[in-house]
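The data block below is work34.cif; it holds mmCIF, C-alpha atoms.
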data_input
loop_
_atom_site.group_PDB
_atom_site.id
_atom_site.type_symbol
_atom_site.label_atom_id
_atom_site.label_comp_id
_atom_site.auth_asym_id
_atom_site.auth_seq_id
_atom_site.Cartn_x
_atom_site.Cartn_y
_atom_site.Cartn_z
ATOM 1 C CA MET K 1 29.362 25.906 25.764
ATOM 2 C CA LYS K 2 26.994 23.937 23.571
ATOM 3 C CA LYS K 3 26.560 23.231 19.892
ATOM 4 C CA ILE K 4 23.390 24.188 17.998
ATOM 5 C CA THR K 5 22.374 24.024 14.346
ATOM 6 C CA VAL K 6 20.336 26.859 12.885
ATOM 7 C CA GLN K 7 18.392 26.603 9.627
ATOM 8 C CA TYR K 8 16.928 29.470 7.628
ATOM 9 C CA GLY K 9 15.582 28.658 4.185
ATOM 10 C CA VAL K 10 17.865 26.152 2.507
ATOM 11 C CA ASP K 11 20.898 27.442 4.429
ATOM 12 C CA SER K 12 22.117 26.265 7.818
ATOM 13 C CA ILE K 13 25.047 26.746 10.188
ATOM 14 C CA THR K 14 26.315 24.886 13.222
ATOM 15 C CA LYS K 15 27.647 27.081 15.985
ATOM 16 C CA GLN K 16 29.107 26.885 19.496
ATOM 17 C CA VAL K 17 27.194 29.157 21.883
ATOM 18 C CA GLU K 18 27.165 29.881 25.615
ATOM 19 C CA SER K 19 25.253 27.385 27.736
ATOM 20 C CA GLY K 20 22.574 29.956 28.664
ATOM 21 C CA PHE K 21 21.948 30.986 25.036
ATOM 22 C CA THR K 22 18.189 31.407 24.449
ATOM 23 C CA PHE K 23 16.006 31.379 21.346
ATOM 24 C CA GLY K 24 15.678 35.157 21.717
ATOM 25 C CA ASP K 25 19.472 35.515 21.797
ATOM 26 C CA LEU K 26 19.602 33.516 18.583
ATOM 27 C CA GLN K 27 16.923 35.648 16.891
ATOM 28 C CA ASP K 28 18.782 38.826 17.904
ATOM 29 C CA SER K 29 22.300 37.626 17.061
ATOM 30 C CA ASP K 30 23.838 39.945 14.470
ATOM 31 C CA SER K 31 26.496 37.390 13.487
ATOM 32 C CA ILE K 32 23.939 34.630 12.836
ATOM 33 C CA LYS K 33 21.664 37.127 11.068
ATOM 34 C CA ALA K 34 24.553 38.029 8.783
ATOM 35 C CA ALA K 35 25.441 34.385 8.145
ATOM 36 C CA LEU K 36 21.914 33.232 7.319
ATOM 37 C CA GLY K 37 20.334 36.450 6.076
ATOM 38 C CA PHE K 38 17.300 36.693 8.316
ATOM 39 C CA GLY K 39 15.821 39.938 9.624
ATOM 40 C CA ASP K 40 14.199 41.161 12.816
ATOM 41 C CA ASN K 41 10.834 39.474 12.284
ATOM 42 C CA THR K 42 11.343 35.752 12.912
ATOM 43 C CA LYS K 43 9.975 32.848 14.908
ATOM 44 C CA ALA K 44 12.010 29.902 16.164
ATOM 45 C CA LEU K 45 10.823 26.313 15.840
ATOM 46 C CA VAL K 46 12.153 22.988 17.062
ATOM 47 C CA GLU K 47 10.589 19.956 15.392
ATOM 48 C CA GLY K 48 7.799 22.193 14.104
ATOM 49 C CA ILE K 49 6.901 23.650 17.502
ATOM 50 C CA GLU K 50 7.304 27.402 18.034
ATOM 51 C CA GLN K 51 9.604 28.244 20.938
ATOM 52 C CA ASP K 52 9.448 31.035 23.513
ATOM 53 C CA ARG K 53 12.207 33.633 23.152
ATOM 54 C CA ARG K 54 13.152 33.213 26.846
ATOM 55 C CA THR K 55 13.708 29.446 26.616
ATOM 56 C CA VAL K 56 17.303 28.219 26.719
ATOM 57 C CA ILE K 57 18.200 26.250 23.590
ATOM 58 C CA PRO K 58 19.066 22.629 24.460
ATOM 59 C CA ASP K 59 22.534 21.351 23.570
ATOM 60 C CA GLY K 60 22.563 19.708 20.150
ATOM 61 C CA ALA K 61 19.231 21.228 19.096
ATOM 62 C CA THR K 62 18.384 22.019 15.495
ATOM 63 C CA VAL K 63 16.499 25.300 15.398
ATOM 64 C CA ARG K 64 14.535 26.302 12.346
ATOM 65 C CA LEU K 65 13.944 30.015 11.958
ATOM 66 C CA GLU K 66 11.026 31.215 9.894
ATOM 67 C CA THR K 67 9.951 34.646 8.748
ATOM 68 C CA ALA K 68 7.059 35.750 10.934
ATOM 69 C CA ALA K 69 3.964 37.503 9.669
ATOM 70 C CA ASN K 70 3.699 41.244 10.177
ATOM 71 C CA THR K 71 0.550 43.232 10.614
ATOM 72 C CA LYS K 72 -0.879 45.589 8.042
ATOM 73 C CA ALA K 73 0.653 49.047 8.200
ATOM 74 C CA MET S 1 1.299 -16.064 18.205
ATOM 75 C CA GLU S 2 3.493 -16.950 21.132
ATOM 76 C CA HIS S 3 6.828 -18.656 21.381
ATOM 77 C CA THR S 4 9.326 -19.368 24.109
ATOM 78 C CA GLU S 5 13.091 -18.907 24.101
ATOM 79 C CA ILE S 6 15.522 -20.330 26.624
ATOM 80 C CA ILE S 7 18.522 -18.059 27.143
ATOM 81 C CA ILE S 8 21.805 -19.147 28.721
ATOM 82 C CA ARG S 9 23.295 -16.080 30.358
ATOM 83 C CA ASP S 10 27.006 -15.373 30.709
ATOM 84 C CA ASN S 11 26.889 -16.432 34.363
ATOM 85 C CA GLY S 12 25.260 -19.788 33.474
ATOM 86 C CA THR S 13 21.733 -18.847 34.519
ATOM 87 C CA LEU S 14 18.963 -20.303 32.367
ATOM 88 C CA THR S 15 16.253 -17.768 31.586
ATOM 89 C CA GLU S 16 12.907 -18.370 29.919
ATOM 90 C CA ARG S 17 11.703 -15.569 27.616
ATOM 91 C CA ILE S 18 8.121 -15.697 26.302
ATOM 92 C CA ILE S 19 7.447 -13.586 23.222
ATOM 93 C CA ARG S 20 3.862 -12.840 22.250
ATOM 94 C CA GLU S 21 2.975 -11.083 19.001
ATOM 95 C CA ARG S 22 -0.342 -9.744 17.810
ATOM 96 C CA ASP S 23 -1.290 -7.462 14.961
ATOM 97 C CA LEU S 24 -2.678 -4.105 16.048
ATOM 98 C CA SER S 25 -5.515 -2.554 14.108
ATOM 99 C CA ALA S 26 -4.370 1.061 13.773
ATOM 100 C CA GLU S 27 -7.321 3.352 13.965
ATOM 101 C CA ALA S 28 -7.754 5.966 11.264
ATOM 102 C CA ASP S 29 -7.175 8.897 13.618
ATOM 103 C CA VAL S 30 -3.878 7.368 14.817
ATOM 104 C CA LEU S 31 -2.717 6.967 11.240
ATOM 105 C CA GLU S 32 -3.832 10.491 10.432
ATOM 106 C CA ALA S 33 -1.928 11.899 13.416
ATOM 107 C CA MET S 34 1.203 10.015 12.368
ATOM 108 C CA THR S 35 0.959 11.284 8.801
ATOM 109 C CA ALA S 36 -0.237 14.835 9.578
ATOM 110 C CA ASP S 37 2.915 16.409 8.170
ATOM 111 C CA VAL S 38 3.298 14.099 5.199
ATOM 112 C CA THR S 39 2.651 15.775 1.866
ATOM 113 C CA ARG S 40 2.708 14.591 -1.719
ATOM 114 C CA THR S 41 3.931 16.563 -4.711
ATOM 115 C CA ILE S 42 2.136 16.501 -8.052
ATOM 116 C CA ARG S 43 3.769 18.466 -10.836
ATOM 117 C CA ASN S 44 1.702 19.890 -13.708
ATOM 118 C CA ALA S 45 -1.505 19.097 -11.863
ATOM 119 C CA MET S 46 -3.740 21.498 -13.783
ATOM 120 C CA PRO S 47 -3.575 24.311 -16.337
ATOM 121 C CA ILE S 48 -4.329 27.902 -15.345
ATOM 122 C CA PRO S 49 -5.412 29.823 -18.465
ATOM 123 C CA GLY S 50 -3.129 32.754 -19.202
ATOM 124 C CA TRP S 51 -0.514 31.720 -16.644
ATOM 125 C CA GLY S 52 0.637 28.158 -17.232
ATOM 126 C CA LEU S 53 0.622 24.966 -15.202
ATOM 127 C CA ALA S 54 -0.027 24.691 -11.481
ATOM 128 C CA HIS S 55 1.870 22.210 -9.317
ATOM 129 C CA ALA S 56 0.277 20.779 -6.188
ATOM 130 C CA ASN S 57 1.637 19.899 -2.781
ATOM 131 C CA VAL S 58 -1.126 17.879 -1.174
ATOM 132 C CA GLY S 59 -1.339 17.649 2.606
ATOM 133 C CA LEU S 60 -3.819 16.014 4.900
ATOM 134 C CA SER S 61 -5.844 19.170 5.452
ATOM 135 C CA ASP S 62 -4.850 21.494 2.633
ATOM 136 C CA THR S 63 -3.242 21.798 -0.781
ATOM 137 C CA ILE S 64 -0.547 24.284 -1.711
ATOM 138 C CA TRP S 65 -0.775 25.257 -5.374
ATOM 139 C CA SER S 66 2.305 26.733 -7.049
ATOM 140 C CA VAL S 67 2.110 28.607 -10.333
ATOM 141 C CA PRO S 68 5.530 29.642 -11.667
ATOM 142 C CA ILE S 69 5.010 33.030 -13.316
ATOM 143 C CA ASP S 70 7.240 35.158 -15.529
ATOM 144 C CA ARG S 71 5.607 38.571 -14.996
ATOM 145 C CA ILE S 72 4.050 40.792 -12.370
ATOM 146 C CA PRO S 73 1.129 43.058 -13.276
ATOM 147 C CA LEU S 74 1.883 46.417 -11.671
ATOM 148 C CA LYS S 75 -1.184 48.595 -11.682
ATOM 149 C CA ALA S 76 0.293 51.525 -9.770
ATOM 150 C CA ARG S 77 1.367 55.149 -9.991
ATOM 151 C CA PHE S 78 4.566 55.794 -11.929
ATOM 152 C CA ARG S 79 6.945 58.668 -12.588
ATOM 153 C CA VAL S 80 9.703 59.160 -15.170
ATOM 154 C CA ILE S 81 13.022 59.820 -13.410
ATOM 155 C CA ASN S 82 16.085 60.351 -15.640
ATOM 156 C CA GLY S 83 14.266 58.782 -18.587
ATOM 157 C CA VAL S 84 13.267 55.664 -16.631
ATOM 158 C CA LEU S 85 9.705 54.922 -15.547
ATOM 159 C CA VAL S 86 9.654 53.803 -11.894
ATOM 160 C CA PRO S 87 6.838 53.116 -9.411
ATOM 161 C CA MET S 88 5.672 55.769 -6.938
ATOM 162 C CA PHE S 89 3.438 53.598 -4.769
ATOM 163 C CA ALA S 90 2.716 56.263 -2.143
ATOM 164 C CA SER S 91 2.006 59.040 -4.625
ATOM 165 C CA MET S 92 -1.472 60.471 -4.992
ATOM 166 C CA THR S 93 -0.652 62.677 -7.957
ATOM 167 C CA ASP S 94 1.466 60.665 -10.403
ATOM 168 C CA LEU S 95 -0.136 58.908 -13.332
ATOM 169 C CA GLU S 96 -1.639 55.478 -12.645
ATOM 170 C CA MET S 97 -0.570 52.973 -15.310
ATOM 171 C CA PRO S 98 -1.189 49.242 -15.865
ATOM 172 C CA MET S 99 2.418 48.130 -16.351
ATOM 173 C CA VAL S 100 3.577 44.527 -16.666
ATOM 174 C CA TRP S 101 7.038 43.749 -15.309
ATOM 175 C CA GLN S 102 8.764 40.866 -17.088
ATOM 176 C CA ALA S 103 10.971 38.882 -14.729
ATOM 177 C CA PRO S 104 14.531 38.144 -15.833
ATOM 178 C CA LYS S 105 15.454 34.466 -15.983
ATOM 179 C CA ASP S 106 17.393 34.489 -12.721
ATOM 180 C CA VAL S 107 14.386 35.786 -10.775
ATOM 181 C CA ARG S 108 12.178 32.719 -10.445
ATOM 182 C CA LEU S 109 8.727 33.856 -9.398
ATOM 183 C CA VAL S 110 6.103 31.599 -7.912
ATOM 184 C CA PHE S 111 2.525 32.540 -7.098
ATOM 185 C CA VAL S 112 1.207 30.297 -4.335
ATOM 186 C CA VAL S 113 -2.373 29.562 -3.300
ATOM 187 C CA ARG S 114 -3.462 27.494 -0.313
ATOM 188 C CA THR S 115 -6.824 25.752 -0.572
ATOM 189 C CA GLU S 116 -8.890 23.650 1.796
ATOM 190 C CA VAL S 117 -12.086 21.743 1.190
ATOM 191 C CA SER S 118 -14.973 22.780 3.398
ATOM 192 C CA GLU S 119 -18.633 21.776 3.064
ATOM 193 C CA GLY S 120 -18.161 20.701 -0.540
ATOM 194 C CA CYS S 121 -16.455 23.946 -1.574
ATOM 195 C CA VAL S 122 -12.817 24.732 -2.225
ATOM 196 C CA VAL S 123 -11.848 27.591 0.076
ATOM 197 C CA VAL S 124 -8.866 29.806 -0.757
ATOM 198 C CA GLY S 125 -6.871 30.328 2.436
ATOM 199 C CA GLY S 126 -4.251 32.764 1.196
ATOM 200 C CA ASN S 127 -2.048 33.937 -1.668
ATOM 201 C CA TRP S 128 1.728 34.334 -1.567
ATOM 202 C CA LEU S 129 4.319 35.703 -3.991
ATOM 203 C CA PHE S 130 7.899 34.451 -3.663
ATOM 204 C CA ALA S 131 11.009 35.137 -5.717
ATOM 205 C CA CYS S 132 13.660 32.422 -5.672
ATOM 206 C CA ASN S 133 17.279 32.464 -6.736
ATOM 207 C CA LYS S 134 19.236 29.652 -8.380
ATOM 208 C CA ASP S 135 20.045 28.204 -4.945
ATOM 209 C CA ASN S 136 16.322 27.874 -4.133
ATOM 210 C CA ASN S 137 16.434 30.498 -1.420
ATOM 211 C CA GLY S 138 13.196 32.482 -1.242
ATOM 212 C CA PHE S 139 12.975 36.274 -1.149
ATOM 213 C CA ARG S 140 10.364 38.932 -0.543
ATOM 214 C CA LEU S 141 10.251 41.309 -3.484
ATOM 215 C CA PRO S 142 10.534 45.058 -2.772
ATOM 216 C CA LEU S 143 6.805 45.576 -3.245
ATOM 217 C CA PRO S 144 4.074 47.014 -1.035
ATOM 218 C CA ASN S 145 0.957 44.941 -0.337
ATOM 219 C CA LEU S 146 3.242 42.060 0.561
ATOM 220 C CA HIS S 147 3.684 40.935 4.167
ATOM 221 C CA ASP S 148 7.110 39.979 5.555
ATOM 222 C CA GLU S 149 6.394 36.260 4.961
ATOM 223 C CA CYS S 150 5.208 37.093 1.420
ATOM 224 C CA THR S 151 1.457 36.849 1.957
ATOM 225 C CA LEU S 152 -0.264 39.032 -0.608
ATOM 226 C CA CYS S 153 -2.645 41.641 0.736
ATOM 227 C CA THR S 154 -5.402 41.094 -1.804
ATOM 228 C CA GLY S 155 -8.205 43.148 -0.315
ATOM 229 C CA GLN S 156 -11.809 41.961 -0.511
ATOM 230 C CA PHE S 157 -11.866 38.590 -2.224
ATOM 231 C CA GLU S 158 -14.403 35.770 -2.639
ATOM 232 C CA SER S 159 -12.929 32.714 -0.940
ATOM 233 C CA SER S 160 -15.266 29.806 -1.874
ATOM 234 C CA TYR S 161 -15.141 28.085 -5.270
ATOM 235 C CA ALA S 162 -16.536 25.008 -6.958
ATOM 236 C CA SER S 163 -13.087 23.667 -7.817
ATOM 237 C CA ALA S 164 -9.414 24.219 -7.014
ATOM 238 C CA GLN S 165 -8.845 25.350 -10.589
ATOM 239 C CA ALA S 166 -11.514 28.048 -10.186
ATOM 240 C CA GLY S 167 -9.990 29.158 -6.868
ATOM 241 C CA VAL S 168 -6.436 29.379 -8.192
ATOM 242 C CA SER S 169 -7.602 31.115 -11.381
ATOM 243 C CA ALA S 170 -9.621 33.641 -9.355
ATOM 244 C CA SER S 171 -6.607 34.321 -7.109
ATOM 245 C CA LEU S 172 -4.441 35.058 -10.141
ATOM 246 C CA GLU S 173 -7.154 37.225 -11.658
ATOM 247 C CA GLN S 174 -7.310 39.206 -8.406
ATOM 248 C CA PHE S 175 -3.491 39.507 -8.555
ATOM 249 C CA ASN S 176 -3.795 40.693 -12.155
ATOM 250 C CA GLN S 177 -6.434 43.312 -11.400
ATOM 251 C CA SER S 178 -5.268 44.634 -8.024
ATOM 252 C CA LYS S 179 -3.794 48.087 -7.617
ATOM 253 C CA TRP S 180 -0.531 48.333 -5.726
ATOM 254 C CA ASN S 181 -0.721 51.043 -3.089
ATOM 255 C CA SER S 182 1.538 52.033 -0.206
ATOM 256 C CA ASP S 183 0.163 49.545 2.360
ATOM 257 C CA LEU S 184 3.032 47.572 3.971
ATOM 258 C CA MET S 185 5.511 49.760 2.086
ATOM 259 C CA THR S 186 8.938 50.102 3.655
ATOM 260 C CA THR S 187 11.060 52.069 1.218
ATOM 261 C CA VAL S 188 10.465 52.787 -2.430
ATOM 262 C CA ALA S 189 14.185 53.027 -3.238
ATOM 263 C CA GLU S 190 14.590 49.252 -3.722
ATOM 264 C CA SER S 191 11.363 49.098 -5.751
ATOM 265 C CA GLN S 192 12.647 51.769 -8.106
ATOM 266 C CA LYS S 193 15.880 49.844 -8.691
ATOM 267 C CA PHE S 194 13.951 46.618 -9.256
ATOM 268 C CA PHE S 195 10.913 47.610 -11.331
ATOM 269 C CA ARG S 196 12.119 49.849 -14.149
ATOM 270 C CA PHE S 197 10.710 50.550 -17.596
ATOM 271 C CA ARG S 198 11.822 52.506 -20.625
ATOM 272 C CA PRO S 199 9.329 54.071 -23.024
ATOM 273 C CA THR S 200 9.843 52.598 -26.514
ATOM 274 C CA ASN S 201 7.584 53.815 -29.329
ATOM 275 C CA GLU S 202 4.071 53.293 -27.977
ATOM 276 C CA THR S 203 4.905 50.742 -25.319
ATOM 277 C CA PHE S 204 7.262 50.166 -22.393
ATOM 278 C CA THR S 205 10.146 47.750 -22.109
ATOM 279 C CA THR S 206 11.186 46.212 -18.788
ATOM 280 C CA LEU S 207 14.713 47.330 -17.952
ATOM 281 C CA SER S 208 17.249 45.169 -16.134
ATOM 282 C CA ILE S 209 17.410 45.373 -12.350
ATOM 283 C CA GLU S 210 19.766 48.082 -11.139
ATOM 284 C CA ALA S 211 21.926 45.791 -8.987
ATOM 285 C CA THR S 212 24.572 43.164 -9.730
ATOM 286 C CA ASP S 213 22.770 40.765 -7.378
ATOM 287 C CA TRP S 214 18.994 41.281 -7.318
ATOM 288 C CA THR S 215 18.674 39.558 -3.941
ATOM 289 C CA THR S 216 20.402 42.522 -2.271
ATOM 290 C CA LEU S 217 17.236 44.533 -2.964
ATOM 291 C CA CYS S 218 15.023 41.905 -1.315
ATOM 292 C CA ALA S 219 14.560 40.303 2.098
ATOM 293 C CA LYS S 220 15.350 36.625 2.428
ATOM 294 C CA VAL S 221 12.394 34.601 3.689
ATOM 295 C CA SER S 222 11.869 31.158 5.152
ATOM 296 C CA THR S 223 8.357 29.872 5.778
ATOM 297 C CA ALA S 224 6.465 26.602 5.952
ATOM 298 C CA ILE S 225 4.466 27.680 2.875
ATOM 299 C CA LEU S 226 7.642 28.354 0.884
ATOM 300 C CA ASP S 227 8.941 24.903 1.863
ATOM 301 C CA ARG S 228 5.896 23.407 0.138
ATOM 302 C CA ALA S 229 6.058 25.640 -2.946
ATOM 303 C CA ILE S 230 7.181 23.978 -6.170
ATOM 304 C CA LEU S 231 9.172 25.676 -8.911
#
Encoded form (structure tokens):
Amino acid sequence: MKKITVQYGVDSITKQVESGFTFGDLQDSDSIKAALGFGDNTKALVEGIEQDRRTVIPDGATVRLETAANTKA
Amino acid sequence: MEHTEIIIRDNGTLTERIIRERDLSAEADVLEAMTADVTRTIRNAMPIPGWGLAHANVGLSDTIWSVPIDRIPLKARFRVINGVLVPMFASMTDLEMPMVWQAPKDVRLVFVVRTEVSEGCVVVGGNWLFACNKDNNGFRLPLPNLHDECTLCTGQFESSYASAQAGVSASLEQFNQSKWNSDLMTTVAESQKFFRFRPTNETFTTLSIEATDWTTLCAKVSTAILDRAIL
């Protein structure tokens, strides 16, 4: 297990997750979505750098989620 | 400058330590790299006729202008349903009307413009529309022509101006004149609970939002632009 902090807007939560938990797992997590209010279209950043969905989140990391741009319908 | 210290270690060993100091001349590009993310906030930086005062968040390469607004011009197609006038963005047959939606006090709207200076001109790099609640969380309004991260789809638009004031004013004028169509539309149900009007004499009055918490009709957003917006 590891501890990560997730920020979305002015809200944030700190959560214990499995050691192999990736940025994609975070972006798809229904419980974290419900807690922070983000949707399906996000990008994950650590210290301002966008992260790959397949990358495992390091222990103690602070992840900032941002709403991603969509394309014109 | 150089000086020498003699250290007596715990085990009795005498150690000489030479310390040399010199001032480094930090080159401009090093300083710029170190301060790339530093921004400065200037409230009430300039007036925008017809809208109010614009606040500035000045970065190294761009400026984010925030204009708190209290209304949204809604040039769109509308229909009366149960005595209430509501938008029908996807309709091709309903009457097109230039309505103005007055925001209630708890819906804090901010129109945002990003500008850069290029070859002596101020270039508009995008327009955003955010709604914020009392906790300063940002939301995407249930409107078409608005991307998920709240970029406004403004259509064809001149991007170069002689001044930031001209660029911000032109962006708001484009916002004022644009027709709202069904591009980027998800569902009209939230729009029709949010943007409601009642005919009164020869005009229309904005009705209250049909929800106890208006944010339930919107999508919460978090973006780098919103972080720099000023309300």
Practice problem: Excluding segment 158-174 of chain S and residues on its chain fewer than 4 positions from it, collect all residues at most 7 Å away from it, counting only C-alpha atoms, and give them as a list of chain:residue names. | Solution: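 Here the qualifying residues turn out to be S:Ile48, S:Val113, S:Cys121, S:Val122, S:Val123, S:Val124, S:Ser178.
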Exercise. Identify, on the basis of all atoms listed in the file, every residue whose closest approach to Arg77 of chain S does not exceed 10 Å; exclude the query and any residue fewer than 4 positions from it along the same chain; express the result as a list in words.
Key: Val86, Pro87, Met88, Phe89, Ala90, Ser91, Met92, Thr93, Asp94, Leu95, Glu96, Met97, Pro98, Met99, Lys179, Trp180 and Asn181 of chain S
Quiz item: Which is closest to Asp40 of chain K among K:Asn70, K:Thr5, K:Gln16, K:Thr55, if we use only C-alpha atoms?
Solution: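 Once distances to Asp40 of chain K are computed over only C-alpha atoms, the minimum belongs to K:Asn70.
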Quiz item: Which chain K residues are at most 10 Å from chain S (counting all atoms listed in the file), as a list of chain:residue names?
Solution: K:Gln7, K:Tyr8, K:Gly9, K:Val10, K:Asp11, K:Leu36, K:Gly37, K:Phe38, K:Gly39, K:Asn41, K:Thr42, K:Lys43, K:Gly48, K:Arg64, K:Leu65, K:Glu66, K:Thr67, K:Ala68, K:Ala69, K:Asn70, K:Thr71, K:Lys72, K:Ala73
Residues as selected, C-alpha atoms, written as a short mmCIF file (atom, residue, chain, number, x, y, z; two decimals), in the frame of the given file, can you do that?
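Below you can see result.cif, which holds the result:
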data_model
loop_
_atom_site.label_atom_id
_atom_site.label_comp_id
_atom_site.auth_asym_id
_atom_site.auth_seq_id
_atom_site.Cartn_x
_atom_site.Cartn_y
_atom_site.Cartn_z
CA GLN K 7 18.39 26.60 9.63
CA TYR K 8 16.93 29.47 7.63
CA GLY K 9 15.58 28.66 4.18
CA VAL K 10 17.86 26.15 2.51
CA ASP K 11 20.90 27.44 4.43
CA LEU K 36 21.91 33.23 7.32
CA GLY K 37 20.33 36.45 6.08
CA PHE K 38 17.30 36.69 8.32
CA GLY K 39 15.82 39.94 9.62
CA ASN K 41 10.83 39.47 12.28
CA THR K 42 11.34 35.75 12.91
CA LYS K 43 9.98 32.85 14.91
CA GLY K 48 7.80 22.19 14.10
CA ARG K 64 14.54 26.30 12.35
CA LEU K 65 13.94 30.02 11.96
CA GLU K 66 11.03 31.22 9.89
CA THR K 67 9.95 34.65 8.75
CA ALA K 68 7.06 35.75 10.93
CA ALA K 69 3.96 37.50 9.67
CA ASN K 70 3.70 41.24 10.18
CA THR K 71 0.55 43.23 10.61
CA LYS K 72 -0.88 45.59 8.04
CA ALA K 73 0.65 49.05 8.20
#
Self-check item: Residues within 7 Å of segment 50-54 of chain S, only C-alpha atoms, excluding chain neighbours under 2 positions, as a list in words
Solution: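 Once the nearby chain positions are removed, what remains is Asn44, Ala45, Met46, Pro47, Ile48, Ala56, Trp65, Ser66, Val67 and Ile69 of chain S.
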Exercise. Determine the nearest neighbour of Gly155 of chain S from the options S:Gly125, S:Phe175, S:Leu143, S:Ala229, counting only C-alpha atoms.
Key: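 Between S:Gly125, S:Phe175, S:Leu143, S:Ala229, the residue approaching Gly155 of chain S most closely is S:Phe175.
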Quiz item: By how many Å are atom CA of Val63 of chain K and atom CA of Ile32 of chain K apart?
Solution: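 Result for atom CA of Val63 of chain K versus atom CA of Ile32 of chain K: 12.2 Å, one decimal.
Rounded to one decimal, atom CA of Val58 of chain S and atom CA of Arg228 of chain S lie 9.0 Å from each other.
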Quiz prompt | Ala33 of chain S surroundings by only C-alpha atoms, 12 Å radius, close-in-sequence under 6 positions cut, as a list in words | solution =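 Listed by chain and then number, they are Ala26, Glu27, Leu60 and Ser61 of chain S.
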Exercise. Quick one: apply the PyMOL selection byres ((chain K and resi 59) around 12) to the file and drop the selected residues here as number ranges by chain.
Key: K: 1-5, 14-22, 56-58, 60-63
Quiz item: Mind pulling up the distance from atom CA of Pro73 of chain S to atom CA of Thr154 of chain S?
Solution: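 Pair atom CA of Thr154 of chain S / atom CA of Pro73 of chain S returns 13.3 Å.
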Apply the PyMOL selection byres ((chain K and resi 51-53) around 9) to the displayed file and report the matching residues as a short mmCIF file (atom, residue, chain, number, x, y, z; two decimals) with C-alpha atoms, in the frame of the given file.
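Generated output (selection_27.cif):
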data_model
loop_
_atom_site.label_atom_id
_atom_site.label_comp_id
_atom_site.auth_asym_id
_atom_site.auth_seq_id
_atom_site.Cartn_x
_atom_site.Cartn_y
_atom_site.Cartn_z
CA THR K 22 18.19 31.41 24.45
CA PHE K 23 16.01 31.38 21.35
CA GLY K 24 15.68 35.16 21.72
CA ASP K 25 19.47 35.52 21.80
CA LEU K 26 19.60 33.52 18.58
CA GLN K 27 16.92 35.65 16.89
CA LYS K 43 9.98 32.85 14.91
CA ALA K 44 12.01 29.90 16.16
CA LEU K 45 10.82 26.31 15.84
CA VAL K 46 12.15 22.99 17.06
CA ILE K 49 6.90 23.65 17.50
CA GLU K 50 7.30 27.40 18.03
CA ARG K 54 13.15 33.21 26.85
CA THR K 55 13.71 29.45 26.62
CA VAL K 56 17.30 28.22 26.72
#
